[in-house]
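Colleague: One structure, pasted below without further comment.
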Amino acid sequence: METRFLSIHDPEIPRALDRDGVVFLSDVLDPHTVEEARDRLDKYESDVLPTIPRSNYDLQDDGKLHQYRDVERFDEWFHDLVHRPTITDAVRRAVDWEPRLFYLEVFPKPPGAAGADPHQDLYTAPVEPPQFLHLWIPLVDVGPHNGGIFFYPGTHRLGIAPHIERAGKPPTVDPQVLERLASYRIQVACPAGSAALFGGDMIHYSERNTSDRSRPALVIGFRGVHTVINDEVDIVTSLVARLYREEIGLTRCRPDDDFYQLGGEDAARDRILDRLALDYGVTVAPEDHREFASPEALANLVVGRRDDRLRQTSR
Ligand SMILES: O=C(O)CCC(=O)C(=O)O
């Protein structure tokens with residue numbers, strides 16, 4: 001596939017995106033904005049991240065920062081950046097549905113940080129109908145030396161690939177499927193401020209940053225204005241079921257299974273409640289857990305309490 005960089009105003013963008021599933025854009029952010037974004041992310045990581053719930057960021061096994069999201073909710077400058085008409089208009093022209101902002105996430109990739117394993121964003125964040133785009137914008141020049149990114153153009157037409165679920169890590173595309181698709185794979189060196197625009201059905205991954213400099217990238221997610229996302233309670237229910245499986249040592253746990261009937265003991269319960277408090281900033285007393293002992297009931301309690309807290313802090 002030809003990997004030309006198109007101008008953000010190029011009328012060819014919708015056709016290229018439809019054909020390849022990914023399109024590369026030049027000069028989406030000017031050098032001054034790129035530099036300011038880098039400086040502001042450094043400040044965000046030191047001043048804001050430590051003050052917000054753990055569910056807003058992910059760490060790697062070695063404790064390095066992997067990814068953080070919803071930056072536009074906590075920082076006005078990034079809020080304005082993701083709403084710039086040059087960006088939103090370009091995305092609007094690229095697809096035949098009306099986009100709305102989904103989130104801004106950041107892959108800071110400090111030196112030595114691992115890459116993102118192969119995935120399709122429609123698998124990890126399903127929306128219905130499947131109208132979902134990522135605008136990936138590196139804030140330094142990105143190539144094979146510093147955590148470069150790979151795509152499989154054309155394979156977006158094959159639908160959602162089987163993913164392997166892993167404890168404590170995001171799901172990843174079945175390696176056997178990737179092997180069969182190997183001839184489609186491309187890596188493109190992307191200058192700072194350029195972008196890759198791709199659909200939620202595009203398989204992609206990035207490598208470890210083996211350079212001695214951070215490799216930050218912004219990812220602006222867009223979804224169709226009429227899409228629905230899985231209910232938050234569904235998402236937290238499946239997370240709680242996973243915590244039950246991990247902490248009790250089970251292979252299966254259904255949404256309505258009772259923790260105590262599954263053989264859960266006090267020490268496992270305390271670890272689960274600690275993990276939920278860290279992730280969602282919500283405290284559940286051990287005596288309350290008896291009453292909300294299934295993944296579904298506990299998820300309802302956690303989401304309800306978190307929403308109450310958010311309402312109070314936004315008053
Ligand atoms: O920036 C990276 O390393 C990974 C980006 C990514 O996985 C994404 O945009 O979904």
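Just so we're on the same page: first chain in the structure tokens is A, next is B, and so on; residues restart at 1 for each chain, and ligands are numbered from 1 in the order they show up.
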Within 8 Å of ligand 1, counting only C-alpha atoms and all ligand atoms, which protein or nucleic acid residues do you find, written as a PyMOL selection string?
Modeller: chain A and resi 106-109+115-121+134-136+138+147-149+204-207+216-219
Colleague: Since we have the selection now, will you write its residues out, keeping C-alpha atoms, as a tab-separated table (two decimals), in the first residue's frame?
Modeller:
```
chain	number	residue	atom	x	y	z
A	106	VAL	CA	-2.36	9.71	25.89
A	107	PHE	CA	0.36	7.10	25.41
A	108	PRO	CA	3.34	8.82	27.11
A	109	LYS	CA	5.83	5.98	26.33
A	115	GLY	CA	4.20	-1.03	23.29
A	116	ALA	CA	0.45	-1.53	22.92
A	117	ASP	CA	-0.28	-5.15	21.91
A	118	PRO	CA	-2.27	-5.80	18.70
A	119	HIS	CA	-5.94	-4.87	19.14
A	120	GLN	CA	-9.03	-3.40	17.50
A	121	ASP	CA	-10.58	-0.55	19.47
A	134	HIS	CA	-8.96	7.21	16.40
A	135	LEU	CA	-6.86	10.21	15.43
A	136	TRP	CA	-3.38	9.25	16.63
A	138	PRO	CA	2.65	11.69	17.82
A	147	GLY	CA	7.94	2.61	19.73
A	148	GLY	CA	6.73	2.84	16.15
A	149	ILE	CA	3.16	1.98	15.22
A	204	HIS	CA	-2.82	-2.00	15.11
A	205	TYR	CA	-0.04	-2.18	17.65
A	206	SER	CA	3.07	-0.33	18.74
A	207	GLU	CA	6.53	-1.45	19.83
A	216	PRO	CA	4.23	10.77	23.72
A	217	ALA	CA	1.21	10.45	21.41
A	218	LEU	CA	-2.27	11.92	21.72
A	219	VAL	CA	-5.20	9.73	20.69
```
Colleague: For Ile220 of chain A, work out the shell of residues within 10 Å, counting only C-alpha atoms and skipping chain neighbours fewer than 5 positions away, then give it as a PyMOL selection string.
Modeller: chain A and resi 69-70+72+82+87+101-106+133-137+197
Colleague: Kindly export the residues of the current selection with N, CA and C atoms, as a tab-separated table (two decimals), in the first residue's frame.
Modeller:
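Below is the file that was written, result-v8.tsv:
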```tsv
chain	number	residue	atom	x	y	z
A	69	ARG	N	-6.41	8.60	30.24
A	69	ARG	CA	-7.51	8.99	29.36
A	69	ARG	C	-8.37	10.08	29.98
A	70	ASP	N	-9.28	10.61	29.14
A	70	ASP	CA	-10.22	11.66	29.55
A	70	ASP	C	-9.49	12.93	29.98
A	72	GLU	N	-9.19	15.64	28.49
A	72	GLU	CA	-9.95	16.86	28.19
A	72	GLU	C	-10.92	17.22	29.31
A	82	VAL	N	-8.87	19.50	21.51
A	82	VAL	CA	-9.62	18.44	20.82
A	82	VAL	C	-10.90	18.96	20.17
A	87	ILE	N	-9.63	20.20	13.40
A	87	ILE	CA	-9.61	18.76	13.67
A	87	ILE	C	-11.01	18.17	13.51
A	101	LEU	N	-16.96	13.83	20.06
A	101	LEU	CA	-15.77	13.44	20.81
A	101	LEU	C	-16.10	12.30	21.75
A	102	PHE	N	-15.23	11.30	21.80
A	102	PHE	CA	-15.41	10.17	22.72
A	102	PHE	C	-14.48	10.39	23.91
A	103	TYR	N	-13.18	10.62	23.63
A	103	TYR	CA	-12.20	10.85	24.70
A	103	TYR	C	-10.89	11.33	24.11
A	104	LEU	N	-10.05	11.85	24.98
A	104	LEU	CA	-8.65	12.08	24.62
A	104	LEU	C	-7.81	11.20	25.52
A	105	GLU	N	-7.03	10.32	24.92
A	105	GLU	CA	-6.13	9.52	25.74
A	105	GLU	C	-4.69	9.78	25.30
A	106	VAL	N	-3.77	9.43	26.17
A	106	VAL	CA	-2.36	9.71	25.89
A	106	VAL	C	-1.54	8.45	26.15
A	133	LEU	N	-13.61	6.18	15.46
A	133	LEU	CA	-12.34	6.56	14.83
A	133	LEU	C	-11.32	6.95	15.88
A	134	HIS	N	-10.06	6.67	15.61
A	134	HIS	CA	-8.96	7.21	16.40
A	134	HIS	C	-8.15	8.15	15.52
A	135	LEU	N	-7.83	9.32	16.08
A	135	LEU	CA	-6.86	10.21	15.43
A	135	LEU	C	-5.63	10.18	16.32
A	136	TRP	N	-4.61	9.47	15.84
A	136	TRP	CA	-3.38	9.25	16.63
A	136	TRP	C	-2.36	10.29	16.21
A	137	ILE	N	-1.90	11.13	17.16
A	137	ILE	CA	-1.00	12.24	16.82
A	137	ILE	C	0.28	12.15	17.66
A	197	LEU	N	-5.28	8.50	10.97
A	197	LEU	CA	-6.72	8.45	11.25
A	197	LEU	C	-7.18	7.05	10.88
```
Colleague: Could you list, with a cut-off of 9 Å and counting only C-alpha atoms, the residues of segment 56-133 of chain A near segment 4-10 of chain A, each shown with its nearest atom pair and the distance in Å rounded to one decimal, rows sorted by chain and ascending number, as CSV?
Modeller:
```
residue,atom,partner,partner_atom,distance
A:Thr86,CA,A:Ile8,CA,8.1
A:Ile87,CA,A:Ile8,CA,8.3
A:Ala90,CA,A:Ile8,CA,6.2
A:Arg93,CA,A:His9,CA,8.8
```
Colleague: Just the residues within 10 Å of Pro126 of chain A, please, counting only C-alpha atoms, with nothing from its chain fewer than 6 positions along; format it as a CSV table (one decimal) with all heavy atoms, in the first residue's frame.
Modeller:
```csv
chain,number,residue,atom,x,y,z
A,120,GLN,N,-8.1,-4.2,18.2
A,120,GLN,CA,-9.0,-3.4,17.5
A,120,GLN,C,-9.8,-2.6,18.6
A,120,GLN,O,-10.3,-3.2,19.5
A,120,GLN,CB,-10.0,-4.3,16.7
A,120,GLN,CG,-9.3,-4.9,15.4
A,120,GLN,CD,-10.2,-6.0,14.9
A,120,GLN,OE1,-10.4,-7.0,15.6
A,120,GLN,NE2,-10.6,-5.9,13.6
A,132,PHE,N,-16.6,4.5,14.8
A,132,PHE,CA,-15.6,4.7,15.8
A,132,PHE,C,-14.3,5.1,15.1
A,132,PHE,O,-13.8,4.3,14.2
A,132,PHE,CB,-15.4,3.5,16.7
A,132,PHE,CG,-14.6,3.5,17.9
A,132,PHE,CD1,-14.4,2.4,18.7
A,132,PHE,CD2,-13.9,4.7,18.3
A,132,PHE,CE1,-13.6,2.4,19.9
A,132,PHE,CE2,-13.1,4.7,19.4
A,132,PHE,CZ,-13.0,3.6,20.2
A,200,GLY,N,-12.2,1.9,14.2
A,200,GLY,CA,-12.1,1.0,15.4
A,200,GLY,C,-12.0,-0.4,15.0
A,200,GLY,O,-11.7,-1.3,15.8
A,227,THR,N,-24.4,6.7,18.4
A,227,THR,CA,-24.0,5.4,18.9
A,227,THR,C,-24.3,5.2,20.4
A,227,THR,O,-24.4,6.2,21.1
A,227,THR,CB,-22.4,5.2,18.8
A,227,THR,OG1,-21.8,6.3,19.4
A,227,THR,CG2,-22.0,5.1,17.3
A,228,VAL,N,-24.4,4.0,20.8
A,228,VAL,CA,-24.6,3.7,22.3
A,228,VAL,C,-23.3,2.9,22.7
A,228,VAL,O,-22.8,2.1,21.9
A,228,VAL,CB,-25.8,2.9,22.6
A,228,VAL,CG1,-27.1,3.8,22.6
A,228,VAL,CG2,-26.0,1.7,21.8
A,229,ILE,N,-22.9,3.2,23.9
A,229,ILE,CA,-21.8,2.4,24.4
A,229,ILE,C,-22.3,1.5,25.5
A,229,ILE,O,-23.3,1.8,26.1
A,229,ILE,CB,-20.6,3.3,25.0
A,229,ILE,CG1,-21.2,4.5,25.8
A,229,ILE,CG2,-19.7,3.7,24.0
A,229,ILE,CD1,-20.1,5.4,26.3
A,230,ASN,N,-21.6,0.4,25.7
A,230,ASN,CA,-22.1,-0.5,26.7
A,230,ASN,C,-22.3,0.2,28.0
A,230,ASN,O,-21.5,1.1,28.4
A,230,ASN,CB,-21.0,-1.6,27.0
A,230,ASN,CG,-21.3,-2.8,26.2
A,230,ASN,OD1,-22.4,-3.0,25.7
A,230,ASN,ND2,-20.3,-3.7,26.2
```
Colleague: Go through A:Asn146, A:Glu296, A:Val303, A:Leu122 one by one, measure the shortest atom-to-atom distance of each to Asp212 of chain A using only C-alpha atoms, and give the residue with the smallest value.
Modeller: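 Answer, going by the shortest atom-to-atom distance: A:Asn146.
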Colleague: Work out how far atom CA of Asp274 of chain A is from atom CA of Leu243 of chain A, in Å to one decimal.
Modeller: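 Answer for the atom CA of Leu243 of chain A to atom CA of Asp274 of chain A separation: 10.9 Å.
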Colleague: Considering only strand (DSSP E or B) as DSSP defines it on the backbone, what residues of segment 154-229 of chain A qualify? List them as a PyMOL selection string.
Modeller: chain A and resi 163-166+169-173+186-187+190+195-199+204-206+209+217-224+228-229
Colleague: Residues within 9 Å of Gly112 of chain A, please, as a ChimeraX atom specification. Count only C-alpha atoms; anything in the same chain fewer than 4 positions from it doesn't count.
Modeller: /A:64,146,208-214
Colleague: Restricted to all heavy atoms, what would the selected residues look like written as a PDB file, in the first residue's frame?
Modeller:
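So the final result, stored in selection26.pdb, reads:
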```pdb
ATOM      1  N   LYS A  64       5.754   1.618  35.070  1.00  0.00           N
ATOM      2  CA  LYS A  64       5.816   2.762  34.133  1.00  0.00           C
ATOM      3  C   LYS A  64       4.400   3.120  33.685  1.00  0.00           C
ATOM      4  O   LYS A  64       3.553   2.249  33.521  1.00  0.00           O
ATOM      5  CB  LYS A  64       6.641   2.401  32.897  1.00  0.00           C
ATOM      6  CG  LYS A  64       8.134   2.425  33.129  1.00  0.00           C
ATOM      7  CD  LYS A  64       8.858   2.451  31.773  1.00  0.00           C
ATOM      8  CE  LYS A  64      10.328   2.713  31.947  1.00  0.00           C
ATOM      9  NZ  LYS A  64      11.098   1.551  32.424  1.00  0.00           N
ATOM     10  N   ASN A 146      11.712   4.106  18.290  1.00  0.00           N
ATOM     11  CA  ASN A 146      11.111   4.631  19.528  1.00  0.00           C
ATOM     12  C   ASN A 146       9.634   4.267  19.688  1.00  0.00           C
ATOM     13  O   ASN A 146       8.805   5.106  20.019  1.00  0.00           O
ATOM     14  CB  ASN A 146      11.295   6.154  19.632  1.00  0.00           C
ATOM     15  CG  ASN A 146      10.579   6.917  18.529  1.00  0.00           C
ATOM     16  OD1 ASN A 146      10.145   6.322  17.543  1.00  0.00           O
ATOM     17  ND2 ASN A 146      10.464   8.213  18.695  1.00  0.00           N
ATOM     18  N   ARG A 208       7.952  -1.409  21.770  1.00  0.00           N
ATOM     19  CA  ARG A 208       8.616  -0.808  22.932  1.00  0.00           C
ATOM     20  C   ARG A 208       9.427   0.416  22.487  1.00  0.00           C
ATOM     21  O   ARG A 208       9.971   0.437  21.381  1.00  0.00           O
ATOM     22  CB  ARG A 208       9.543  -1.861  23.549  1.00  0.00           C
ATOM     23  CG  ARG A 208      10.221  -1.435  24.822  1.00  0.00           C
ATOM     24  CD  ARG A 208      11.050  -2.577  25.386  1.00  0.00           C
ATOM     25  NE  ARG A 208      10.222  -3.683  25.848  1.00  0.00           N
ATOM     26  CZ  ARG A 208       9.577  -3.720  27.016  1.00  0.00           C
ATOM     27  NH1 ARG A 208       9.662  -2.703  27.843  1.00  0.00           N
ATOM     28  NH2 ARG A 208       8.849  -4.760  27.344  1.00  0.00           N
ATOM     29  N   ASN A 209       9.495   1.407  23.344  1.00  0.00           N
ATOM     30  CA  ASN A 209      10.333   2.567  23.062  1.00  0.00           C
ATOM     31  C   ASN A 209      11.758   2.253  23.509  1.00  0.00           C
ATOM     32  O   ASN A 209      12.061   2.267  24.697  1.00  0.00           O
ATOM     33  CB  ASN A 209       9.784   3.791  23.819  1.00  0.00           C
ATOM     34  CG  ASN A 209      10.643   5.016  23.608  1.00  0.00           C
ATOM     35  OD1 ASN A 209      11.581   4.989  22.795  1.00  0.00           O
ATOM     36  ND2 ASN A 209      10.331   6.080  24.335  1.00  0.00           N
ATOM     37  N   THR A 210      12.620   1.966  22.529  1.00  0.00           N
ATOM     38  CA  THR A 210      13.994   1.584  22.893  1.00  0.00           C
ATOM     39  C   THR A 210      14.934   2.798  22.863  1.00  0.00           C
ATOM     40  O   THR A 210      16.145   2.641  22.996  1.00  0.00           O
ATOM     41  CB  THR A 210      14.530   0.489  21.945  1.00  0.00           C
ATOM     42  OG1 THR A 210      14.375   0.965  20.603  1.00  0.00           O
ATOM     43  CG2 THR A 210      13.794  -0.815  22.112  1.00  0.00           C
ATOM     44  N   SER A 211      14.391   3.988  22.682  1.00  0.00           N
ATOM     45  CA  SER A 211      15.243   5.183  22.668  1.00  0.00           C
ATOM     46  C   SER A 211      15.376   5.725  24.101  1.00  0.00           C
ATOM     47  O   SER A 211      14.758   5.202  25.026  1.00  0.00           O
ATOM     48  CB  SER A 211      14.632   6.254  21.758  1.00  0.00           C
ATOM     49  OG  SER A 211      13.561   6.888  22.427  1.00  0.00           O
ATOM     50  N   ASP A 212      16.171   6.798  24.256  1.00  0.00           N
ATOM     51  CA  ASP A 212      16.332   7.348  25.610  1.00  0.00           C
ATOM     52  C   ASP A 212      15.461   8.585  25.816  1.00  0.00           C
ATOM     53  O   ASP A 212      15.681   9.378  26.712  1.00  0.00           O
ATOM     54  CB  ASP A 212      17.806   7.659  25.889  1.00  0.00           C
ATOM     55  CG  ASP A 212      18.387   8.574  24.821  1.00  0.00           C
ATOM     56  OD1 ASP A 212      17.606   9.099  23.989  1.00  0.00           O
ATOM     57  OD2 ASP A 212      19.614   8.762  24.804  1.00  0.00           O
ATOM     58  N   ARG A 213      14.467   8.769  24.937  1.00  0.00           N
ATOM     59  CA  ARG A 213      13.577   9.927  25.025  1.00  0.00           C
ATOM     60  C   ARG A 213      12.127   9.453  25.022  1.00  0.00           C
ATOM     61  O   ARG A 213      11.809   8.460  24.356  1.00  0.00           O
ATOM     62  CB  ARG A 213      13.809  10.754  23.749  1.00  0.00           C
ATOM     63  CG  ARG A 213      13.740  12.228  23.958  1.00  0.00           C
ATOM     64  CD  ARG A 213      13.921  12.959  22.649  1.00  0.00           C
ATOM     65  NE  ARG A 213      12.959  14.053  22.620  1.00  0.00           N
ATOM     66  CZ  ARG A 213      12.536  14.661  21.538  1.00  0.00           C
ATOM     67  NH1 ARG A 213      12.977  14.293  20.365  1.00  0.00           N
ATOM     68  NH2 ARG A 213      11.663  15.629  21.617  1.00  0.00           N
ATOM     69  N   SER A 214      11.261  10.147  25.762  1.00  0.00           N
ATOM     70  CA  SER A 214       9.842   9.756  25.761  1.00  0.00           C
ATOM     71  C   SER A 214       9.260   9.875  24.361  1.00  0.00           C
ATOM     72  O   SER A 214       9.728  10.686  23.556  1.00  0.00           O
ATOM     73  CB  SER A 214       9.039  10.662  26.690  1.00  0.00           C
ATOM     74  OG  SER A 214       9.339  10.353  28.009  1.00  0.00           O
TER      75      SER A 214
END
```
Colleague: Which residues are near Leu29 of chain A? Cut-off 10 Å, only C-alpha atoms, ignore same chain within fewer than 2 positions. Put them as a list in words.
Modeller: Ser26, Asp27, Pro31, His32, Thr33, Val34, Glu35, Ala37, Leu81, Thr86, Ile87, Ile137, Pro138, Leu139, Ala192, Gly193, Ser194 and Ala195 of chain A
Colleague: I need the chosen residues saved as a CSV table (one decimal), in the first residue's frame, with N, CA, C and O atoms.
Modeller:
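part.csv written:
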```csv
chain,number,residue,atom,x,y,z
A,26,SER,N,-0.7,15.0,7.2
A,26,SER,CA,0.5,15.8,7.5
A,26,SER,C,0.1,17.0,8.3
A,26,SER,O,-1.1,17.5,8.1
A,27,ASP,N,0.9,17.5,9.1
A,27,ASP,CA,0.8,18.8,9.7
A,27,ASP,C,-0.6,19.1,10.4
A,27,ASP,O,-1.2,20.1,10.2
A,31,PRO,N,4.3,23.0,14.8
A,31,PRO,CA,5.4,22.7,15.8
A,31,PRO,C,5.2,23.4,17.1
A,31,PRO,O,5.5,22.8,18.2
A,32,HIS,N,4.7,24.6,17.1
A,32,HIS,CA,4.5,25.3,18.4
A,32,HIS,C,3.5,24.6,19.3
A,32,HIS,O,3.7,24.4,20.5
A,33,THR,N,2.4,24.2,18.7
A,33,THR,CA,1.3,23.4,19.5
A,33,THR,C,1.9,22.1,20.0
A,33,THR,O,1.6,21.7,21.1
A,34,VAL,N,2.7,21.4,19.1
A,34,VAL,CA,3.3,20.2,19.5
A,34,VAL,C,4.1,20.3,20.8
A,34,VAL,O,4.0,19.6,21.7
A,35,GLU,N,4.9,21.4,20.7
A,35,GLU,CA,5.8,21.6,21.9
A,35,GLU,C,5.0,22.0,23.1
A,35,GLU,O,5.3,21.5,24.2
A,37,ALA,N,2.0,21.1,23.8
A,37,ALA,CA,1.3,19.9,24.3
A,37,ALA,C,2.2,19.0,25.1
A,37,ALA,O,1.9,18.5,26.1
A,81,LEU,N,-8.1,22.0,22.6
A,81,LEU,CA,-7.3,21.4,21.5
A,81,LEU,C,-8.2,20.4,20.8
A,81,LEU,O,-8.3,20.4,19.5
A,86,THR,N,-10.4,22.8,13.0
A,86,THR,CA,-9.6,22.1,11.9
A,86,THR,C,-9.6,20.6,12.1
A,86,THR,O,-9.7,19.9,11.2
A,87,ILE,N,-9.6,20.2,13.4
A,87,ILE,CA,-9.6,18.8,13.7
A,87,ILE,C,-11.0,18.2,13.5
A,87,ILE,O,-11.2,17.2,12.8
A,137,ILE,N,-1.9,11.1,17.2
A,137,ILE,CA,-1.0,12.2,16.8
A,137,ILE,C,0.3,12.1,17.7
A,137,ILE,O,0.3,12.4,18.9
A,138,PRO,N,1.4,11.7,17.0
A,138,PRO,CA,2.6,11.7,17.8
A,138,PRO,C,3.2,13.1,18.1
A,138,PRO,O,3.0,14.0,17.2
A,139,LEU,N,3.8,13.3,19.3
A,139,LEU,CA,4.3,14.6,19.6
A,139,LEU,C,5.8,14.7,19.5
A,139,LEU,O,6.4,15.7,19.8
A,192,ALA,N,6.4,14.3,14.1
A,192,ALA,CA,5.7,15.0,15.2
A,192,ALA,C,4.6,15.9,14.5
A,192,ALA,O,4.9,16.6,13.6
A,193,GLY,N,3.4,15.8,15.1
A,193,GLY,CA,2.3,16.7,14.6
A,193,GLY,C,1.6,16.2,13.4
A,193,GLY,O,0.5,16.7,13.0
A,194,SER,N,2.1,15.1,12.8
A,194,SER,CA,1.3,14.4,11.7
A,194,SER,C,0.2,13.5,12.5
A,194,SER,O,0.1,13.6,13.7
A,195,ALA,N,-0.5,12.7,11.7
A,195,ALA,CA,-1.5,11.9,12.4
A,195,ALA,C,-1.8,10.7,11.5
A,195,ALA,O,-1.6,10.7,10.3
```
Colleague: At a cut-off of 9 Å, using only C-alpha atoms, what residues contact Val233 of chain A? Leave out same-chain residues fewer than 4 positions from it and give the result as a list in words.
Modeller: Thr237, Ser238, Glu296, Ala299, Asn300, Val302 and Val303 of chain A
Colleague: Could you state the separation of atom CA of Pro162 of chain A and atom CA of Tyr123 of chain A in Å, given to one decimal place?
Modeller: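 It comes out at 9.0 Å.
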Colleague: Could you write out, as a ChimeraX atom specification, all the residues of segment 56-200 of chain A that DSSP marks as alpha helix (DSSP H)?
Modeller: /A:71-74,76-82,85-94,121-124,175-180
Colleague: Using the selection just defined, write its residues with C-alpha atoms as a CSV table (one decimal), in the first residue's frame.
Modeller:
```csv
chain,number,residue,atom,x,y,z
A,71,VAL,CA,-7.5,14.3,29.7
A,72,GLU,CA,-9.9,16.9,28.2
A,73,ARG,CA,-12.2,16.6,31.3
A,74,PHE,CA,-9.4,17.6,33.7
A,76,GLU,CA,-8.9,23.2,29.7
A,77,TRP,CA,-6.1,23.6,27.2
A,78,PHE,CA,-6.5,20.0,26.0
A,79,HIS,CA,-10.3,20.4,26.0
A,80,ASP,CA,-9.9,23.3,23.6
A,81,LEU,CA,-7.3,21.4,21.5
A,82,VAL,CA,-9.6,18.4,20.8
A,85,PRO,CA,-12.6,23.1,14.2
A,86,THR,CA,-9.6,22.1,11.9
A,87,ILE,CA,-9.6,18.8,13.7
A,88,THR,CA,-13.3,18.1,14.1
A,89,ASP,CA,-14.2,19.4,10.6
A,90,ALA,CA,-11.5,17.1,9.1
A,91,VAL,CA,-13.0,14.1,10.9
A,92,ARG,CA,-16.5,15.1,9.9
A,93,ARG,CA,-15.5,15.2,6.2
A,94,ALA,CA,-13.8,11.8,6.5
A,121,ASP,CA,-10.6,-0.5,19.5
A,122,LEU,CA,-14.1,-1.7,18.6
A,123,TYR,CA,-13.3,-4.9,20.5
A,124,THR,CA,-12.0,-3.1,23.6
A,175,PRO,CA,-1.4,-14.4,17.3
A,176,GLN,CA,-2.5,-17.1,14.8
A,177,VAL,CA,-4.8,-14.6,13.1
A,178,LEU,CA,-2.0,-12.0,13.0
A,179,GLU,CA,0.3,-14.6,11.4
A,180,ARG,CA,-2.2,-15.1,8.6
```
Colleague: List the neighbours of Pro255 of chain A out to 12 Å using only C-alpha atoms; skip same-chain residues closer than 3 positions along the sequence, and give me the result as a list in words.
Modeller: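 My list of contacting residues is Val233, Asp234, Ile235, Val236, Thr237, Ser238, Leu239, Val240, Ala241, Arg242, Leu243, Tyr244, Arg245, Arg252, Asp258, Phe259, Phe292, Ala293, Ser294, Pro295, Glu296, Ala297, Leu298, Ala299 and Asn300 of chain A.
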